[in-house]
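run_19.csv, holding CSV, C-alpha atoms and all ligand atoms:
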```csv
chain,number,residue,atom,x,y,z
A,1,MET,CA,29.2,-4.4,-7.5
A,2,ARG,CA,30.3,-1.3,-9.3
A,3,ALA,CA,29.5,2.0,-7.7
A,4,MET,CA,30.4,5.6,-8.0
A,5,VAL,CA,31.3,6.7,-4.5
A,6,LEU,CA,31.6,10.1,-2.9
A,7,ASN,CA,34.5,9.8,-0.4
A,8,GLU,CA,34.4,13.4,0.6
A,9,PRO,CA,32.6,16.6,-0.7
A,10,LYS,CA,34.4,18.6,-3.4
A,11,LEU,CA,36.2,15.5,-4.7
A,12,PRO,CA,35.1,13.7,-7.9
A,13,LEU,CA,33.2,10.4,-7.4
A,14,GLU,CA,35.4,7.3,-7.4
A,15,LEU,CA,34.5,4.2,-9.4
A,16,ARG,CA,34.8,1.4,-6.8
A,17,ASP,CA,34.0,-2.3,-6.4
A,18,VAL,CA,32.0,-2.5,-3.2
A,19,PRO,CA,30.0,-5.3,-1.6
A,20,LYS,CA,26.5,-5.8,-2.9
A,21,PRO,CA,24.1,-4.6,-0.1
A,22,LYS,CA,21.8,-7.1,1.6
A,23,PRO,CA,18.1,-6.3,2.1
A,24,GLY,CA,17.2,-6.0,5.7
A,25,ARG,CA,13.8,-6.2,7.3
A,26,GLY,CA,11.1,-4.7,5.0
A,27,GLN,CA,13.7,-3.8,2.3
A,28,LEU,CA,14.0,-4.6,-1.3
A,29,LEU,CA,17.3,-5.4,-3.1
A,30,VAL,CA,17.0,-3.6,-6.4
A,31,ARG,CA,19.1,-4.1,-9.5
A,32,VAL,CA,19.4,-0.5,-10.7
A,33,SER,CA,18.5,0.1,-14.3
A,34,THR,CA,18.6,3.9,-14.4
A,35,CYS,CA,19.2,6.8,-12.0
A,36,ALA,CA,18.6,10.4,-13.0
A,37,VAL,CA,21.0,13.1,-11.8
A,38,CYS,CA,19.4,15.8,-9.6
A,39,ARG,CA,20.7,19.3,-8.7
A,40,THR,CA,20.6,18.0,-5.1
A,41,ASP,CA,23.4,15.6,-6.1
A,42,LEU,CA,25.5,18.5,-7.1
A,43,HIS,CA,24.7,20.3,-3.8
A,44,VAL,CA,25.9,17.2,-1.9
A,45,VAL,CA,29.1,16.8,-4.1
A,46,ASP,CA,29.9,20.5,-3.7
A,47,GLY,CA,29.5,20.4,0.1
A,48,GLU,CA,26.5,22.7,0.2
A,49,LEU,CA,24.4,20.3,2.2
A,50,PRO,CA,25.4,19.4,5.8
A,51,ASN,CA,26.4,16.0,7.1
A,52,PRO,CA,26.0,13.5,4.2
A,53,LYS,CA,26.7,9.9,5.0
A,54,LEU,CA,30.3,9.3,4.0
A,55,PRO,CA,31.4,7.5,1.9
A,56,LEU,CA,28.2,7.8,0.0
A,57,ILE,CA,26.6,6.4,-3.1
A,58,LEU,CA,24.6,9.3,-4.6
A,59,GLY,CA,21.4,9.2,-6.5
A,60,HIS,CA,17.7,9.4,-5.6
A,61,GLN,CA,15.8,9.0,-8.8
A,62,ILE,CA,16.2,5.3,-9.1
A,63,VAL,CA,14.4,2.8,-11.4
A,64,GLY,CA,15.2,-0.8,-11.2
A,65,GLN,CA,14.0,-4.4,-10.8
A,66,VAL,CA,13.3,-6.1,-7.5
A,67,ASP,CA,16.0,-8.7,-7.2
A,68,GLU,CA,15.5,-10.0,-3.7
A,69,ILE,CA,13.1,-9.2,-0.9
A,70,GLY,CA,14.2,-8.9,2.7
A,71,GLU,CA,13.2,-12.0,4.8
A,72,GLU,CA,10.8,-10.3,7.0
A,73,MET,CA,8.5,-7.7,5.6
A,74,TRP,CA,7.5,-4.8,7.8
A,75,ASP,CA,5.2,-6.0,10.6
A,76,GLY,CA,5.3,-3.0,12.9
A,77,PRO,CA,2.4,-0.6,13.6
A,78,GLU,CA,1.0,1.0,10.5
A,79,HIS,CA,2.7,4.3,9.7
A,80,PRO,CA,0.2,7.1,10.4
A,81,ASP,CA,0.9,8.7,7.0
A,82,SER,CA,1.0,5.4,5.1
A,83,ARG,CA,-1.1,4.9,2.0
A,84,GLY,CA,-0.8,1.1,2.6
A,85,THR,CA,2.4,-0.7,1.8
A,86,PRO,CA,2.7,-1.3,-1.9
A,87,THR,CA,3.5,-5.0,-2.5
A,88,PHE,CA,6.4,-6.0,-4.7
A,89,ALA,CA,7.4,-9.3,-6.2
A,90,ILE,CA,10.7,-10.4,-7.5
A,91,GLY,CA,11.2,-8.9,-11.0
A,92,ASP,CA,8.8,-6.0,-10.5
A,93,ARG,CA,9.8,-2.6,-11.7
A,94,VAL,CA,10.2,-0.2,-8.8
A,95,GLY,CA,10.9,3.5,-8.3
A,96,ILE,CA,12.9,4.7,-5.4
A,97,PRO,CA,12.6,8.4,-4.4
A,98,TRP,CA,14.5,10.9,-2.1
A,99,LEU,CA,12.4,10.1,1.0
A,100,GLY,CA,13.8,6.8,2.1
A,101,TRP,CA,12.6,6.4,5.7
A,102,THR,CA,10.6,8.2,8.4
A,103,ASP,CA,10.0,7.2,12.0
A,104,GLY,CA,6.2,7.3,11.8
A,105,ASP,CA,6.2,8.6,15.4
A,106,CYS,CA,7.1,12.3,15.5
A,107,SER,CA,4.5,15.1,15.6
A,108,TYR,CA,5.1,15.7,11.8
A,109,CYS,CA,4.5,12.0,10.8
A,110,ARG,CA,1.4,12.0,13.0
A,111,SER,CA,0.0,15.0,11.3
A,112,GLY,CA,0.4,13.9,7.7
A,113,ARG,CA,3.7,15.8,7.2
A,114,GLU,CA,6.2,13.0,6.9
A,115,ASN,CA,8.2,15.2,4.6
A,116,LEU,CA,9.2,17.1,7.7
A,117,CYS,CA,9.9,14.0,9.9
A,118,ASP,CA,12.5,14.8,12.6
A,119,ASN,CA,14.3,11.6,11.9
A,120,ALA,CA,13.8,11.2,8.1
A,121,ARG,CA,16.5,9.5,6.0
A,122,PHE,CA,17.1,10.5,2.5
A,123,THR,CA,18.2,8.3,-0.5
A,124,GLY,CA,21.6,9.2,-1.9
A,125,TYR,CA,22.3,11.6,1.0
A,126,THR,CA,21.9,10.0,4.4
A,127,ILE,CA,21.5,6.5,3.0
A,128,ASP,CA,23.2,5.0,-0.1
A,129,GLY,CA,21.4,5.6,-3.4
A,130,GLY,CA,21.5,4.6,-7.0
A,131,TYR,CA,24.8,5.5,-8.6
A,132,ALA,CA,25.5,1.7,-8.4
A,133,GLU,CA,24.5,-1.6,-9.8
A,134,PHE,CA,22.4,-2.5,-6.8
A,135,THR,CA,20.7,-0.7,-3.9
A,136,VAL,CA,18.4,-1.5,-1.1
A,137,ALA,CA,15.3,0.5,-0.2
A,138,ASP,CA,12.5,0.3,2.4
A,139,ALA,CA,9.6,-1.1,0.3
A,140,ARG,CA,7.1,1.2,2.1
A,141,TYR,CA,8.7,4.3,0.4
A,142,CYS,CA,9.0,2.8,-3.1
A,143,PHE,CA,6.6,3.3,-6.0
A,144,HIS,CA,5.1,1.3,-8.8
A,145,LEU,CA,5.7,3.3,-11.9
A,146,PRO,CA,3.3,4.1,-14.8
A,147,GLU,CA,3.8,1.6,-17.6
A,148,ARG,CA,3.8,4.1,-20.4
A,149,TYR,CA,7.3,5.3,-19.5
A,150,SER,CA,10.6,3.5,-20.2
A,151,ASP,CA,13.1,3.3,-17.3
A,152,VAL,CA,15.1,6.2,-18.8
A,153,GLU,CA,12.0,8.4,-19.3
A,154,VAL,CA,10.5,7.8,-15.9
A,155,SER,CA,13.7,8.3,-13.9
A,156,PRO,CA,13.6,12.2,-13.8
A,157,LEU,CA,10.0,12.1,-12.5
A,158,LEU,CA,11.1,10.6,-9.3
A,159,CYS,CA,12.5,13.9,-7.9
A,160,ALA,CA,12.2,16.8,-10.3
A,161,GLY,CA,8.6,15.5,-10.9
A,162,LEU,CA,7.6,14.6,-7.3
A,163,ILE,CA,9.1,17.6,-5.4
A,164,GLY,CA,8.2,19.9,-8.3
A,165,TYR,CA,4.6,18.6,-8.0
A,166,ARG,CA,4.6,19.3,-4.3
A,167,SER,CA,5.8,22.9,-5.0
A,168,TYR,CA,3.1,23.3,-7.6
A,169,ARG,CA,0.3,22.1,-5.3
A,170,LYS,CA,1.5,24.6,-2.7
A,171,THR,CA,0.6,27.4,-5.1
A,172,GLY,CA,-3.1,26.6,-4.6
A,173,ASN,CA,-5.2,27.3,-7.6
A,174,PRO,CA,-3.5,30.1,-9.5
A,175,ARG,CA,-4.8,31.4,-12.8
A,176,ARG,CA,-1.5,33.0,-13.6
A,177,LEU,CA,1.6,31.0,-12.5
A,178,GLY,CA,5.2,32.2,-12.8
A,179,ILE,CA,8.1,29.8,-12.8
A,180,TYR,CA,11.6,31.1,-12.1
A,181,GLY,CA,14.4,28.9,-13.3
A,182,PHE,CA,13.3,26.9,-16.3
A,183,GLY,CA,15.2,23.7,-15.8
A,184,ASN,CA,14.1,20.1,-15.4
A,185,ALA,CA,11.6,20.5,-12.6
A,186,ALA,CA,10.0,23.5,-14.3
A,187,HIS,CA,9.8,21.7,-17.6
A,188,LEU,CA,7.8,18.9,-16.0
A,189,ILE,CA,5.6,21.0,-13.8
A,190,ALA,CA,4.8,23.5,-16.6
A,191,GLN,CA,3.2,20.6,-18.6
A,192,ILE,CA,0.8,19.9,-15.7
A,193,ALA,CA,0.0,23.6,-15.2
A,194,ILE,CA,-0.8,23.9,-18.9
A,195,TYR,CA,-2.9,20.7,-18.8
A,196,GLU,CA,-4.8,22.3,-15.9
A,197,GLU,CA,-5.4,25.4,-18.0
A,198,ARG,CA,-3.3,27.8,-16.1
A,199,GLU,CA,-1.5,30.7,-17.7
A,200,LEU,CA,2.2,30.0,-17.5
A,201,PHE,CA,4.8,32.7,-17.3
A,202,ALA,CA,8.4,31.4,-17.7
A,203,PHE,CA,11.4,33.3,-16.3
A,204,THR,CA,14.9,32.3,-17.4
A,205,ARG,CA,18.4,33.6,-17.0
A,206,PRO,CA,18.4,37.1,-18.6
A,207,GLY,CA,19.2,36.7,-22.3
A,208,ASP,CA,18.6,32.9,-22.4
A,209,LYS,CA,16.4,33.2,-25.6
A,210,ALA,CA,16.7,29.5,-26.4
A,211,THR,CA,15.0,28.5,-23.1
A,212,GLN,CA,12.4,31.2,-23.4
A,213,GLN,CA,11.6,29.9,-26.9
A,214,ALA,CA,11.3,26.4,-25.6
A,215,ALA,CA,9.0,27.6,-22.8
A,216,ARG,CA,6.7,29.3,-25.4
A,217,GLU,CA,6.7,26.1,-27.5
A,218,LEU,CA,5.6,24.2,-24.4
A,219,GLY,CA,2.7,26.6,-24.1
A,220,ALA,CA,3.8,29.4,-21.8
A,221,VAL,CA,1.8,32.6,-22.5
A,222,TRP,CA,4.9,34.7,-21.7
A,223,ALA,CA,8.6,34.0,-21.4
A,224,GLY,CA,11.3,36.4,-20.5
A,225,GLY,CA,14.4,37.1,-18.3
A,226,SER,CA,14.2,37.0,-14.5
A,227,ASP,CA,15.1,40.7,-14.6
A,228,GLU,CA,11.8,41.5,-16.4
A,229,MET,CA,8.4,42.0,-14.9
A,230,PRO,CA,5.5,40.0,-16.3
A,231,PRO,CA,2.9,42.0,-18.3
A,232,GLU,CA,0.3,41.1,-15.6
A,233,LYS,CA,0.6,40.4,-11.9
A,234,LEU,CA,0.8,36.7,-11.1
A,235,ASP,CA,-1.3,34.8,-8.6
A,236,ALA,CA,1.7,32.6,-7.6
A,237,ALA,CA,5.3,31.9,-8.5
A,238,ILE,CA,7.6,28.9,-8.0
A,239,ILE,CA,11.3,29.5,-7.8
A,240,PHE,CA,13.3,26.4,-8.9
A,241,ALA,CA,16.6,28.3,-9.4
A,242,SER,CA,18.9,28.3,-6.3
A,243,VAL,CA,19.2,32.1,-6.5
A,244,GLY,CA,18.1,33.9,-3.3
A,245,PRO,CA,17.7,37.4,-5.0
A,246,LEU,CA,14.8,35.9,-7.0
A,247,VAL,CA,12.7,35.8,-3.9
A,248,PRO,CA,12.1,39.6,-3.6
A,249,THR,CA,11.9,39.7,-7.4
A,250,ALA,CA,9.1,37.2,-7.5
A,251,LEU,CA,7.4,38.8,-4.6
A,252,ARG,CA,7.1,42.1,-6.7
A,253,ALA,CA,5.6,40.1,-9.6
A,254,ILE,CA,2.7,38.6,-7.6
A,255,ALA,CA,-0.7,40.2,-6.9
A,256,LYS,CA,-2.2,40.7,-3.4
A,257,GLY,CA,-2.6,37.4,-1.6
A,258,GLY,CA,-0.2,35.7,-3.9
A,259,ILE,CA,2.4,33.1,-2.9
A,260,VAL,CA,6.0,32.5,-3.7
A,261,VAL,CA,7.1,28.9,-3.4
A,262,CYS,CA,10.8,28.1,-3.2
A,263,GLY,CA,11.2,24.6,-4.6
A,264,GLY,CA,14.9,23.9,-4.0
A,265,ILE,CA,16.8,22.3,-1.2
A,266,HIS,CA,19.5,25.0,-1.2
A,267,MET,CA,19.5,28.7,-2.1
A,268,SER,CA,21.9,31.5,-1.9
A,269,ASP,CA,21.0,34.3,0.7
A,270,ILE,CA,17.9,36.3,0.2
A,271,PRO,CA,18.6,40.1,0.2
A,272,SER,CA,16.4,42.3,2.3
A,273,PHE,CA,13.4,44.0,0.8
A,274,PRO,CA,10.8,46.6,1.9
A,275,TYR,CA,7.9,45.3,3.9
A,276,VAL,CA,5.5,46.8,1.4
A,277,ASP,CA,6.5,44.0,-1.0
A,278,LEU,CA,5.2,41.4,1.4
A,279,TRP,CA,2.2,43.4,2.6
A,280,GLU,CA,-1.3,42.5,1.5
A,281,GLU,CA,-1.1,38.9,2.5
A,282,ARG,CA,1.6,37.8,0.2
A,283,VAL,CA,3.3,34.6,1.3
A,284,ILE,CA,6.8,33.2,0.9
A,285,THR,CA,7.2,29.5,1.6
A,286,SER,CA,9.6,26.6,0.9
A,287,VAL,CA,9.0,23.0,0.0
A,288,ALA,CA,10.9,20.3,1.7
A,289,ASN,CA,11.1,16.7,0.5
A,290,LEU,CA,8.0,14.8,-0.4
A,291,THR,CA,5.3,12.6,1.2
A,292,ARG,CA,4.4,9.3,-0.4
A,293,ARG,CA,1.0,10.8,-1.0
A,294,ASP,CA,2.6,13.4,-3.3
A,295,GLY,CA,4.2,10.6,-5.2
A,296,ASP,CA,1.0,8.6,-5.6
A,297,GLU,CA,-0.9,11.7,-6.8
A,298,PHE,CA,1.8,12.7,-9.2
A,299,PHE,CA,2.2,9.2,-10.8
A,300,LYS,CA,-1.6,9.2,-11.4
A,301,ILE,CA,-1.6,12.6,-13.1
A,302,ALA,CA,1.7,12.4,-15.0
A,303,PRO,CA,0.7,9.7,-17.6
A,304,ARG,CA,-2.7,11.4,-18.2
A,305,VAL,CA,-1.1,14.8,-19.2
A,306,PRO,CA,1.2,13.0,-20.4
A,307,VAL,CA,4.2,14.6,-18.8
A,308,ARG,CA,7.2,14.1,-21.1
A,309,THR,CA,10.8,14.1,-20.0
A,310,GLN,CA,13.8,15.1,-21.9
A,311,THR,CA,16.9,13.0,-21.1
A,312,GLU,CA,20.5,12.6,-22.0
A,313,THR,CA,22.0,9.2,-21.0
A,314,PHE,CA,25.4,8.5,-19.5
A,315,ALA,CA,27.1,5.3,-18.4
A,316,LEU,CA,27.6,4.9,-14.6
A,317,GLU,CA,31.3,5.5,-15.1
A,318,GLN,CA,30.5,8.9,-16.6
A,319,ALA,CA,28.7,10.2,-13.5
A,320,ASN,CA,31.4,12.8,-12.9
A,321,THR,CA,31.1,14.1,-16.5
A,322,ALA,CA,27.3,14.4,-16.1
A,323,LEU,CA,27.7,16.3,-12.8
A,324,ASP,CA,30.3,18.6,-14.4
A,325,LEU,CA,28.1,19.4,-17.4
A,326,PHE,CA,25.2,20.0,-15.0
A,327,ARG,CA,27.2,22.4,-12.8
A,328,ALA,CA,28.4,24.3,-15.9
A,329,GLY,CA,24.8,24.6,-17.2
A,330,LYS,CA,25.8,22.6,-20.3
A,331,LEU,CA,23.1,19.9,-20.2
A,332,SER,CA,20.1,20.5,-22.4
A,333,ALA,CA,18.1,17.7,-20.8
A,334,THR,CA,18.1,15.6,-17.6
A,335,ALA,CA,21.2,13.5,-17.2
A,336,VAL,CA,20.2,9.8,-16.6
A,337,LEU,CA,22.8,7.2,-15.7
A,338,THR,CA,22.0,3.9,-17.5
A,339,ILE,CA,23.4,1.1,-15.3
A,340,ALA,CA,22.0,-2.4,-16.0
A,341,LYS,CA,23.4,-3.9,-19.1
A,401,ZN,ZN,8.6,11.4,11.9
A,402,ZN,ZN,16.3,15.5,-6.2
```

Using the file provided, produce a representation of the structure as structure tokens.
Ligand SMILES: [Zn+2]
Ligand SMILES: [Zn+2]
Amino acid sequence: MRAMVLNEPKLPLELRDVPKPKPGRGQLLVRVSTCAVCRTDLHVVDGELPNPKLPLILGHQIVGQVDEIGEEMWDGPEHPDSRGTPTFAIGDRVGIPWLGWTDGDCSYCRSGRENLCDNARFTGYTIDGGYAEFTVADARYCFHLPERYSDVEVSPLLCAGLIGYRSYRKTGNPRRLGIYGFGNAAHLIAQIAIYEERELFAFTRPGDKATQQAARELGAVWAGGSDEMPPEKLDAAIIFASVGPLVPTALRAIAKGGIVVCGGIHMSDIPSFPYVDLWEERVITSVANLTRRDGDEFFKIAPRVPVRTQTETFALEQANTALDLFRAGKLSATAVLTIAK
């Protein structure tokens, strides 16, 4: 099969003909239709995340069709965080997310926090992902996808949507919600926030009037540069940009008891700030990965809103182009690799 392979961080992906994977116990062999490109893919290529599997097939927002089912389905003890294993038949559409496997046995898995599992494996990072014609995935971590979306449309929901949603839920029940970094994840989560009648404040790169305008058109009550203070104090803020100095900035924009949620997997260093900015029970937290429960919840609410995605498609062979444009900030929508012919 054709695959775009990362041989080593900081090198472009290489188009290679590699053996088609075989589904093991409990796994599905999936013919990949689409795979959206995530900022995490960039972090892996650029060597900003430690110890990727090498060589590696990137990609963790995978939509495809079940082509083959591993001989033995899972028959071990039920995972404590399981929502029941979804059943798949040959030909079913399937979504494969970032969380690829957990042990079901560590203290995190046993307390409903499989996103923090000590031994978790991640699609397109520590196991091969979807920048290829086929991939295998543990059926227990896969999703059935809402029918209203095409394969291209639904693909960005599998990470920007799911992990964005987990970040959003961490904010509690804010009336005024700020989002710093108005890219793909922000665009999806903003739609849910507005649907749930929150006041949305969008912070972009200083001077990025086009994105500010887009945020207003989406329904933000205020949009401005990340160097500006909102007209009113916020109850919560999510930071999707991988820019550490935004943490103290966001902290100064929130009211007493407010929370700042860092939604990315990688961020530059956070500068020091006076304690008074944290005082009065303000909270800073990060969001790591997702649980299957987050995914189930998100795929219920997304079609009701309905959350709309903006996409730009690329052929599998153009993955490097997509990554380069992403890195340069030159994509105006989520890049989606279209793979099955
Ligand atoms: Zn675990
Ligand atoms: Zn991702």

Long-range neighbours of Leu188 in chain A as JSON, numbers by chain, 10 Å cut-off, all atoms listed in the file, 4 positions minimum in chain: {"A": [156, 157, 160, 161, 162, 164, 165, 182, 183, 184, 192, 193, 302, 306, 307, 308, 309, 310]}

Please produce a file of those selected residues containing C-alpha atoms, as a PDB file, keeping the file's coordinate frame.
```
ATOM      1  CA  PRO A 156      13.600  12.200 -13.800  1.00  0.00           C
ATOM      2  CA  LEU A 157      10.000  12.100 -12.500  1.00  0.00           C
ATOM      3  CA  ALA A 160      12.200  16.800 -10.300  1.00  0.00           C
ATOM      4  CA  GLY A 161       8.600  15.500 -10.900  1.00  0.00           C
ATOM      5  CA  LEU A 162       7.600  14.600  -7.300  1.00  0.00           C
ATOM      6  CA  GLY A 164       8.200  19.900  -8.300  1.00  0.00           C
ATOM      7  CA  TYR A 165       4.600  18.600  -8.000  1.00  0.00           C
ATOM      8  CA  PHE A 182      13.300  26.900 -16.300  1.00  0.00           C
ATOM      9  CA  GLY A 183      15.200  23.700 -15.800  1.00  0.00           C
ATOM     10  CA  ASN A 184      14.100  20.100 -15.400  1.00  0.00           C
ATOM     11  CA  ILE A 192       0.800  19.900 -15.700  1.00  0.00           C
ATOM     12  CA  ALA A 193       0.000  23.600 -15.200  1.00  0.00           C
ATOM     13  CA  ALA A 302       1.700  12.400 -15.000  1.00  0.00           C
ATOM     14  CA  PRO A 306       1.200  13.000 -20.400  1.00  0.00           C
ATOM     15  CA  VAL A 307       4.200  14.600 -18.800  1.00  0.00           C
ATOM     16  CA  ARG A 308       7.200  14.100 -21.100  1.00  0.00           C
ATOM     17  CA  THR A 309      10.800  14.100 -20.000  1.00  0.00           C
ATOM     18  CA  GLN A 310      13.800  15.100 -21.900  1.00  0.00           C
TER      19      GLN A 310
END
```

Write out as a PyMOL selection string each polymer residue whose atoms come within 7 Å of range 89-105 of chain A, counting all atoms listed in the file; drop sequence neighbours fewer than 4 positions from it. chain A and resi 60-68+79-80+109-110+114+117+119-123+137-138+141-145+158-159+289-290

Pick from A:Pro271, A:Gly172, A:Gly129, A:Pro86 nearest to ligand ZN 402 (chain A), counting only C-alpha atoms and all ligand atoms: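 The shortest atom-to-atom distance to ligand ZN 402 (chain A) comes from A:Gly129.
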
Find, counting only C-alpha atoms and all ligand atoms, the residue in A:Glu228, A:Gly112, A:Met267, A:Glu196 that gets nearest to ligand ZN 401 (chain A). A:Gly112

Using only C-alpha atoms and all ligand atoms, which residue out of A:Thr249, A:Thr40, A:Gln212, A:Thr311 lies closest to ligand ZN 402 (chain A)?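 Result for the nearest residue to ligand ZN 402 (chain A): A:Thr40.
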
Go through A:Phe203, A:Arg198, A:Gly224, A:His266 and flag the residue nearest ligand ZN 402 (chain A), using all atoms listed in the file for the distances. A:His266

Between CA of Ser155 in chain A and CA of Leu15 in chain A - distance in Å to one decimal: 21.7 Å

Report, in Å with one decimal, the straight-line distance from atom ZN of ligand ZN 401 (chain A) to CA of Asp118 in chain A. 5.2 Å
